[in-house]
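Q: Dropping the structure in here first, questions after.
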Amino acid sequence: MSKEKELSKVQELVYELKVADAMRSRVITVSSKTLMSELREILKINRISGTPVVDNDKLVGIISIEDFIKWLADGAKDCPIGEKMNAKVMSLFSDEPLVHAVSKLEQFGFGRFPVLNRLDHKLVGVITKGDIIERLLKETEIDYHEEEIHRYRASHIFEDIIADKTTIIFRYYVKGKDFNRAGEVSTGLKKNLSRLGIDPQIVRRAAIASYEAELNVVIYTDGGEIQVKVRPDKISIDVEDTGPGIPDIEKAMQPGYSTAPEWVRELGFGAGMGLNNIKKCSDKMNLTSTVGKGTHLKISIYMEKKGGA
Amino acid sequence: MKLKEIVEKLGLKVRTKSGRLDGDVQRGYVSDLLSDVLANAAQGDLWITLQTHQNIAAVAGMKGLSGIILINSREPEEGTIRKADEESIPVMVSALSAFELAGRLYSLGITGIGNAAKGI
């Protein structure tokens with residue numbers, strides 16, 4: 001069962017990863033004018049069994065240890081590599097999915113493929129079976145590790161506590177106009193949620209939504225409160241402040257609409273994307289506001305379903 | 001490509017002490033608007049910006065970015081370095097402009113393709 005899962009994970013990865021993700025970008029190359037007699041030393045020193053032949057940044061061929069042995073067998077009469085190389089080179093583009101590399105290696109039985117940049121056809125790397133395996137191993141190891149942490153921590157809270165309903169509540173106070181501390185709440189919240197073993201994607205969405213909300217409180221109000229409720233099925237974030245309130249919520253929700261003062265914009269805030277970002281990150285969002293009284297923002301993010309863009 | 005290689009090739013000055021320069025970088029994002037980065041950058045992106053205050057570290061931490069490069073020789077504020085160290089986000093300084101820097105990175109194989117589709 002778990003073996004099946006691992007396999008499909010690898011299959012997913014070869015489609016997700018690009019050739020550039022697995023290739024080796026430090027490439028030893030030779031020129032077509034390099035002599036065959038020099039090749040052995042180049043292969044030996046770099047411990048490689050073949051190398052691309054490059055003239056003026058353009059790939060013109062590939063020469064391998066098999067070509068070298070053939071040359072030796074034919075009498076080893078010295079000549080430029082250009083005469084013995086394989087000039088019909090098959091290559092891959094760096095932005096192709098890794099699965100193309102896998103199938104080409106299999107199909108043609110070559111040990112390596114040169115990798116070219118699609119735009120200018122310059123050589124940017126070389127990819128071998130070993131490189132692909134190494135990259136996939138690294139990737140599955142990371143995933144496995146994350147899953148381990150996830151299981152361990154999650155079991156501690158929501159599974160070990162015996163109750164009909166378990167809710168964990170965090171409450172934070174946000175100071176208005178204090179840009180040095182802006183973001184502290186959301187950074188703290190992100191750490192807490194990660195510790196609870198919540199899925200990293202969900203954590204990220206919650207953190208971004210609360211960050212944008214926190215920033216709004218800092219920029220536009222004299223302060224407010226953020227309350228986060230974590231349940232096994234959802235995260236609810238409540239942000240409340242005591243004014244000045246939003247006169248036109250519909251307008252405020254429009255991407256790019258902002259009433260932020262110039263100095264705030266210069267800091268890279270107040271671009272008029274905040275509420276929109278919150279909406280994108282949440283499964284449910286409810287904003288109510290009374291001018292002169294304050295604003296109340298309610299956000300829900302469900303643990304199961306993937307909502308955000 | 002390893003961040004360390006990028007630092008070497010582009011002559012970046014690293015301002016954070018810890019930082020994970022061994023991290024692999026594949027893609028990048030350029031923006032000076034924090035909300036834009038939150039909305040559109042993808043996990044693992046290398047972020048090019050002119051903003052130097054400490055909220056860039058928070059934003060990078062939140063998105064799981066691989067590092068921040070400040071342009072035009074702009075130096076990070078003190079609080080930025082402290083926060084970035086806490087979040088293990090490397091902060092680097094380049095003398096180049098954003099345009100120039102992005103171009104150099106692109107020719108090293110760091111692209112921006114497919115970011116938007118990757119989600120938050």
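In the structure tokens, the first chain shown is A, the next is B, and so on; residue numbers restart at 1 for each chain, and ligands run from 1 in the order shown.
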Tell me the residues of chain B close to chain A, meaning within 6 Å using only C-alpha atoms, as a list in words.
A: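 Close enough to count are Asp32, Leu33, Leu34, Ser35 and Gly119 of chain B.
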Q: Take the residues from that selection and put them in a file with N, CA and C atoms, as a PDB file, in the first residue's frame.
A:
```
ATOM      1  N   ASP B  32       8.061  45.249  -5.444  1.00  0.00           N
ATOM      2  CA  ASP B  32       8.267  46.095  -4.276  1.00  0.00           C
ATOM      3  C   ASP B  32       6.997  46.231  -3.445  1.00  0.00           C
ATOM      4  N   LEU B  33       5.953  45.582  -3.903  1.00  0.00           N
ATOM      5  CA  LEU B  33       4.700  45.614  -3.151  1.00  0.00           C
ATOM      6  C   LEU B  33       4.545  44.313  -2.372  1.00  0.00           C
ATOM      7  N   LEU B  34       4.432  44.454  -1.051  1.00  0.00           N
ATOM      8  CA  LEU B  34       4.419  43.258  -0.214  1.00  0.00           C
ATOM      9  C   LEU B  34       3.193  42.385  -0.487  1.00  0.00           C
ATOM     10  N   SER B  35       2.054  43.025  -0.696  1.00  0.00           N
ATOM     11  CA  SER B  35       0.835  42.262  -0.977  1.00  0.00           C
ATOM     12  C   SER B  35       0.955  41.485  -2.279  1.00  0.00           C
ATOM     13  N   GLY B 119       0.120  28.417  -7.040  1.00  0.00           N
ATOM     14  CA  GLY B 119      -0.730  28.647  -5.885  1.00  0.00           C
ATOM     15  C   GLY B 119       0.021  29.284  -4.737  1.00  0.00           C
TER      16      GLY B 119
END
```
Q: Please provide as a PDB file with N, CA and C atoms, in the first residue's frame all residues within 7 Å of B:Gln54, with the sequence filter that same-chain residues fewer than 6 positions apart are discarded (counting only C-alpha atoms).
A:
```
ATOM      1  N   GLU B  77      17.750  47.308   6.818  1.00  0.00           N
ATOM      2  CA  GLU B  77      17.754  47.925   8.138  1.00  0.00           C
ATOM      3  C   GLU B  77      18.178  46.876   9.155  1.00  0.00           C
ATOM      4  N   GLY B  79      16.882  45.866  11.943  1.00  0.00           N
ATOM      5  CA  GLY B  79      15.804  44.952  12.339  1.00  0.00           C
ATOM      6  C   GLY B  79      15.530  43.908  11.273  1.00  0.00           C
ATOM      7  N   THR B  80      15.770  44.267  10.034  1.00  0.00           N
ATOM      8  CA  THR B  80      15.531  43.339   8.931  1.00  0.00           C
ATOM      9  C   THR B  80      16.475  42.144   9.029  1.00  0.00           C
ATOM     10  N   LYS B  83      15.476  39.903  11.990  1.00  0.00           N
ATOM     11  CA  LYS B  83      14.279  39.113  11.676  1.00  0.00           C
ATOM     12  C   LYS B  83      14.566  38.026  10.642  1.00  0.00           C
TER      13      LYS B  83
END
```
Q: Report as an MDAnalysis selection string all protein, DNA and RNA residues lying within 10 Å of A:Val291, evaluated on only C-alpha atoms, omitting residues in the same chain fewer than 5 positions from it.
A: chainID A and resid 242:248
Q: Could you tell me which of A:Met90, A:Ile235, A:Leu39, A:Ile45 comes closest to A:Trp71 if we count only C-alpha atoms?
A: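 Closest candidate: A:Leu39.
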Q: Measuring between only C-alpha atoms, which one of A:Val19, A:Asp222, A:Arg231, A:Ile162 shows the shortest distance to A:Asp131?
A: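 Counting only C-alpha atoms, the residue closest to A:Asp131 is A:Val19.
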Q: Atom CA of A:Val126 and atom CA of A:Phe113 are how many Å apart?
A: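 Atom-to-atom, atom CA of A:Val126 to atom CA of A:Phe113, that is 5.8 Å.
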Q: If you run DSSP on this backbone, which residues of chain B come out as strand (DSSP E or B), and could you give them as a PyMOL selection string?
A: chain B and resi 2+13-14+24+27-30+46-49+67-70+91-93+111
